[in-house]
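Here's the structure we're looking at; comments come further down.
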2 protein chains.
Amino acid sequence: MAAVIPRRISPAAFGKALAAFRAIVGSQGVLDSDEDRQTYIDPYAMGDGLDHDCSAIVAPATTEEVRALVRVANEFKVPLWPVSRGKNLGYGAASPAERGNVILDLSRMNRVIDVDVKQAHCLIEPGVSFFDLYRHLAEKKIPLWMSTPGNSWGSVIGNALDRGIGYTPYGDHCEQICGMEVVLPDGDLVRTGMGAMAQSAGWQHYKYGYGPAWDQMFFQSNFGVVTKAGLWLQPEPEMTAKVELAFPKFEDAEWAIDLLADLRRRDVIQHNIVFGSPVRAASVVSQRAEWYDGPGAIPDSACEAMIKKLGIGWWNAKVSLFGHAATVKAQVEILRALVEPRIGKPLNFELWEQGDAPDKSARGIPTTVGLQSVNWYGGRGGHLSFAPVMPADGQPILDYARKIQAYYEQVRQVNNVSLILYDRDDPAMVTRVDKLYRHLVTEAASHGFGEYRGHISYMDAVADTFDFNDHALRRLNDKVKACLDPNNIIAPGRNGIGTRPA
Amino acid sequence: MAAVIPRRISPAAFGKALAAFRAIVGSQGVLDSDEDRQTYIDPYAMGDGLDHDCSAIVAPATTEEVRALVRVANEFKVPLWPVSRGKNLGYGAASPAERGNVILDLSRMNRVIDVDVKQAHCLIEPGVSFFDLYRHLAEKKIPLWMSTPGNSWGSVIGNALDRGIGYTPYGDHCEQICGMEVVLPDGDLVRTGMGAMAQSAGWQHYKYGYGPAWDQMFFQSNFGVVTKAGLWLQPEPEMTAKVELAFPKFEDAEWAIDLLADLRRRDVIQHNIVFGSPVRAASVVSQRAEWYDGPGAIPDSACEAMIKKLGIGWWNAKVSLFGHAATVKAQVEILRALVEPRIGKPLNFELWEQGDAPDKSARGIPTTVGLQSVNWYGGRGGHLSFAPVMPADGQPILDYARKIQAYYEQVRQVNNVSLILYDRDDPAMVTRVDKLYRHLVTEAASHGFGEYRGHISYMDAVADTFDFNDHALRRLNDKVKACLDPNNIIAPGRNGIGTRPA
């Protein structure tokens, strides 16, 4: 593994920068051996991942250390790639968009600073993982629930900053953030919302403060390093009800999406809904060869086998209800009346009441089971998420699903709209996946759909599709970037912002 | 009424700028006579309002005209004060923070561009008033509801941009905005969210787009002129239920706020709640002299008379429930079980079902009845809103109410925590109100409470209380302002941002 240094600076200057970093965080807080760098390579990289290799890792323990590191980075023009815990799997993990950045690893900053039980919020550092927070709440028997993403070994704040989602009423993770502390690229320290008052009594109570709110500027971007954030939590409800909806036919997507989206807008369903194919379900509990061992796309007959064996539908959605017992029971009946006549069988709700075992509830419990899907092909698996935003409208989505299905058949490697699974050691497959992803991005854009999030290798490609008024958004992004970060030292190229390699 | 020109430019240059403005919008679109300027003076100004007099008014009809005007403003260094409809009553109405700005009146841009009935959203221009939108929906029999503020003769977008609120599930108006079109201070045109794609199919479906989201940067600020915005609307529910809660004793505030805030966090109550005193209720339907004609604060005995005559409590809150009939009925019972035993009498719910008359429902219907409170003292009334953000926590709020009550008694002019009512032609009262407001801001800040919104005369005073890290927020605001608006031509001084008069 070759030594890497950040572009545009000399090895000598980089050596001085590392020495200055060590003076701030100690020798143990700066890692630059081959072995250390290897552990930060994306485990799902297509190929060896060295095109996104870092030059070193620096791990501060406090906000003041972050500020000092940022000042040194400016002095030596060393770009820093901040990660909370580096688990952004499917999007590049800890790897920088630009090869040679120093990874600023915040995982040592993992304090749960405060939990306000009555007001249902907490203040945490970026190194706090979903498991950390869950354990904290469970050990102290705090009746507040979290929302967790499908694969939840990452950072609570990091996931929110990338606009990750979960499947409870608090599942729009970026919207649960209330008040942030951010080290700006020049080392200044700002608190947003009511925290902008030194003696604030309500940092986690009201998001906006007085004047413009900057929080969303720090999401999916590179305008600062978030060192603390408030997070709203869900008061434990009296009751929850869970149900697995299985829609038998491909064409059911149209009415099912319309029905679910309407209930979502009416707050009967208060959470984001996964609407998945049989392969999605099968990929978590089995390997591809168990169903079909041939080349190309999985034939319909194999899908039918999955549907039969796993007892699922062509489309599958898990719905949960939360609230007072009387309300939940009323909502169960609303769902029954709408869905049962159309699918021709009774829905099987699992009820949970306060006092029952946690795992029976519809709360967010951290899990990594979903990650097993990367074993789909055997070999060293990987996944790449293609995630276009579409209107919650049944008919155009069904049309689009039909079209995408055709593309997937054409390229014959992958079999799921949102999760592209591959064998990372199969170079031909990797080449085809790259081509497929770029094609999907362009094709989606031609329909007016844009990605909500993208892999580090495709940040420019995705950003390019946001092209209104000759890329006015990029002009605005880059203008503010140049103003706040003239040396372009925080995460250059992240989400297509800041100078890109020539 | 003396002629006014913007500071730092010559009368000759201003004349040229007005000529250039006329070339863009026509002669009728530029107003600078004394009579015209008089009509833009804040009707509730303390005193004559001339300290916030404008130099002229320019009224574009299209986004392209706004862009051209902004370019001219840059050329001649003429500051523009954008208003949507100029009805920001209680906060300065149409008047600029800095005397001599040209008011950029967007009220001619009043198109409802599109309403998507199925997806429950619309795209509108800033000149669309709450009455306009209500009429549009009613005339076309569109089953979508809006949220309206207490006084709703202003602009839908303008109110949202100032973070105004209403009292339905869509009452956090700034959060219903999905996708904006903004003319930047240099005349560039940006669309936010998914609208940043030229051919977007989902501008009003997803707020954040890809990368940083800038929307909240344009709220309560001066970084651009919003020329279009998407707005989420509420699908008409099956049923609503309204109830007036009357809490008999001053001390009831503690438990009542805790109870209501808990139900709010649990989504039983899905809207912002007004929690008002007897004087608040009385000021809308009567004048002060009917209850008490003496000097100083209104004595407890007069409050008791209001409570008895108006059939209200010491604290009064209107609660509404929305949803499917079965859910609403379940929630009615939840409220009954929690509140009735404590107040010792049955709650009187008013139910509405689809097909009933609109005014029986709990929807937002535009009204200006609340404005009658400014007649409280007789004379030419005015009001000034003091609006600190506090934790939704009963005990500290009760403590604070006790303390504030004492201040009001001390200054002996005003009688309501959130709404300071005065006779604008009584100079002594105006002086005392000014002193009171400044005192309240400072006093609140010492408790850690900051204002969510403030009058144009007090924008610096409020911004000053956001003082974390030696006013880091102001440094950030001013840095971005200087970058995007180097000539400081959009609303200088708004919310304390940008160069202030020496």
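In the structure tokens, the first chain shown is A, the next is B, and so on; residue numbers restart at 1 for each chain, and ligands run from 1 in the order shown.
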
Handout entry: Distance query segment 73-85 of chain A at most 9 Å, only C-alpha atoms, self and fewer than 2 positions along chain excluded, as a ChimeraX atom specification
Key = /A:6-9,13-14,16-17,21,54,58,68-71,87-88,93-98,100-109,125-129,153-159,185-187,222,225-226,485,487-492,494

Could I get the residues of segment 155-272 of chain A with an atom no further than 9 Å from an atom of segment 468-482 of chain B, each paired with its nearest atom pair and that distance in Å to one decimal, using only C-alpha atoms, sorted by chain and residue number, as CSV?
```
residue,atom,partner,partner_atom,distance
A:Asp188,CA,B:Ala472,CA,7.5
A:Leu189,CA,B:Ala472,CA,6.7
A:Val190,CA,B:Ala472,CA,5.3
A:Arg191,CA,B:Phe468,CA,7.1
A:Thr192,CA,B:Leu473,CA,7.4
A:Gly195,CA,B:Phe468,CA,7.3
A:Ala196,CA,B:Phe468,CA,5.0
A:Met197,CA,B:Phe468,CA,4.9
A:Ala198,CA,B:Phe468,CA,3.9
A:Gln199,CA,B:Phe468,CA,7.7
A:Ser200,CA,B:Phe468,CA,8.8
A:Gly211,CA,B:Asn477,CA,8.8
A:Pro212,CA,B:Asn477,CA,7.9
```

Tell me, as a PDB file with C-alpha atoms, in the first residue's frame, which residues lie within 10 Å of Gly448 of chain B, counting only C-alpha atoms; anything in the same chain fewer than 4 positions away does not count.
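Once everything was written out, this is part_24.pdb:
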```pdb
ATOM      1  CA  MET A 194     -31.456  28.974  20.491  1.00  0.00           C
ATOM      2  CA  GLY A 195     -27.949  27.725  21.336  1.00  0.00           C
ATOM      3  CA  MET A 197     -27.497  32.465  23.141  1.00  0.00           C
ATOM      4  CA  ALA A 198     -24.631  31.847  25.548  1.00  0.00           C
ATOM      5  CA  GLN A 199     -27.005  31.153  28.439  1.00  0.00           C
ATOM      6  CA  SER A 200     -29.740  29.493  26.416  1.00  0.00           C
ATOM      7  CA  ALA A 201     -32.462  27.715  28.372  1.00  0.00           C
ATOM      8  CA  GLY A 202     -33.952  26.179  25.241  1.00  0.00           C
ATOM      9  CA  TRP A 203     -31.274  24.957  22.832  1.00  0.00           C
TER      10      TRP A 203
ATOM     11  CA  PRO B 388     -39.749  34.815  23.794  1.00  0.00           C
ATOM     12  CA  VAL B 389     -39.240  31.108  23.188  1.00  0.00           C
ATOM     13  CA  MET B 390     -39.475  29.045  26.357  1.00  0.00           C
ATOM     14  CA  THR B 442     -32.864  41.803  28.317  1.00  0.00           C
ATOM     15  CA  GLU B 443     -34.674  40.220  31.207  1.00  0.00           C
ATOM     16  CA  ALA B 444     -35.759  37.230  29.097  1.00  0.00           C
ATOM     17  CA  THR B 465     -28.929  38.603  22.888  1.00  0.00           C
ATOM     18  CA  PHE B 466     -27.692  35.772  20.638  1.00  0.00           C
TER      19      PHE B 466
END
```

Practice task
Apply DSSP to the structure's backbone, then extract all residues of segment 293-479 of chain B labelled strand (DSSP E) and return them as a PyMOL selection string.
Solution key: chain B and resi 315-323+350-353+381-385+419-423

Practice task
Identify all residues of segment 140-336 of chain B in alpha helix (DSSP H) (DSSP on the backbone) and supply them as a ChimeraX atom specification.
Solution key: /B:156-161,173-176,252-265,278-285,300-310,325-336

Exercise for the section: Quick one: pull the distance between atom CA of Tyr167 of chain B and atom CA of Ala357 of chain B, Å, one decimal. Expected result: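 Answer for the atom CA of Tyr167 of chain B to atom CA of Ala357 of chain B separation: 19.1 Å.
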
Problem - Pick from B:Ser27, B:Gln176, B:Gln372, B:Thr168 nearest to Gly230 of chain B, counting only C-alpha atoms - result: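 Of all the options, B:Gln176 lies closest to Gly230 of chain B.
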
Exercise for the section: Using only C-alpha atoms, find the one residue out of A:Asp42, A:Val4, A:Gly92, A:Pro341 that sits nearest to Ala56 of chain A. Expected result: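 Among the listed residues, A:Val4 lies closest to Ala56 of chain A.
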
Problem - Counting only C-alpha atoms, the option among B:Gly29, B:Gly450, B:Gly355, B:Pro43 closest to chain A - result: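 The shortest atom-to-atom distance to chain A comes from B:Gly450.
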
Would you pick out the contacts of Arg424 of chain B at 6 Å or less, using only C-alpha atoms, so that residues sharing its chain but fewer than 5 positions from it are not included, and give the list as an mmCIF file with N, CA, C and O atoms, in the first residue's frame?
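And here is the file that came out, selection-v8.cif:
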```
data_model
loop_
_atom_site.group_PDB
_atom_site.id
_atom_site.type_symbol
_atom_site.label_atom_id
_atom_site.label_comp_id
_atom_site.auth_asym_id
_atom_site.auth_seq_id
_atom_site.Cartn_x
_atom_site.Cartn_y
_atom_site.Cartn_z
ATOM 1 N N MET B 46 -45.168 53.264 16.678
ATOM 2 C CA MET B 46 -45.180 54.065 17.891
ATOM 3 C C MET B 46 -44.749 55.463 17.489
ATOM 4 O O MET B 46 -43.625 55.673 17.021
ATOM 5 N N GLY B 47 -45.637 56.442 17.620
ATOM 6 C CA GLY B 47 -45.356 57.775 17.098
ATOM 7 C C GLY B 47 -45.752 57.831 15.631
ATOM 8 O O GLY B 47 -46.633 57.093 15.182
ATOM 9 N N ARG B 380 -55.661 55.914 18.518
ATOM 10 C CA ARG B 380 -55.131 55.107 17.428
ATOM 11 C C ARG B 380 -54.260 54.022 18.043
ATOM 12 O O ARG B 380 -53.141 54.275 18.480
ATOM 13 N N GLY B 381 -54.802 52.842 18.089
ATOM 14 C CA GLY B 381 -54.123 51.785 18.816
ATOM 15 C C GLY B 381 -52.952 51.196 18.061
ATOM 16 O O GLY B 381 -52.822 51.350 16.851
ATOM 17 N N GLY B 382 -52.096 50.518 18.813
ATOM 18 C CA GLY B 382 -50.989 49.800 18.198
ATOM 19 C C GLY B 382 -50.690 48.576 19.022
ATOM 20 O O GLY B 382 -51.174 48.434 20.150
#
```
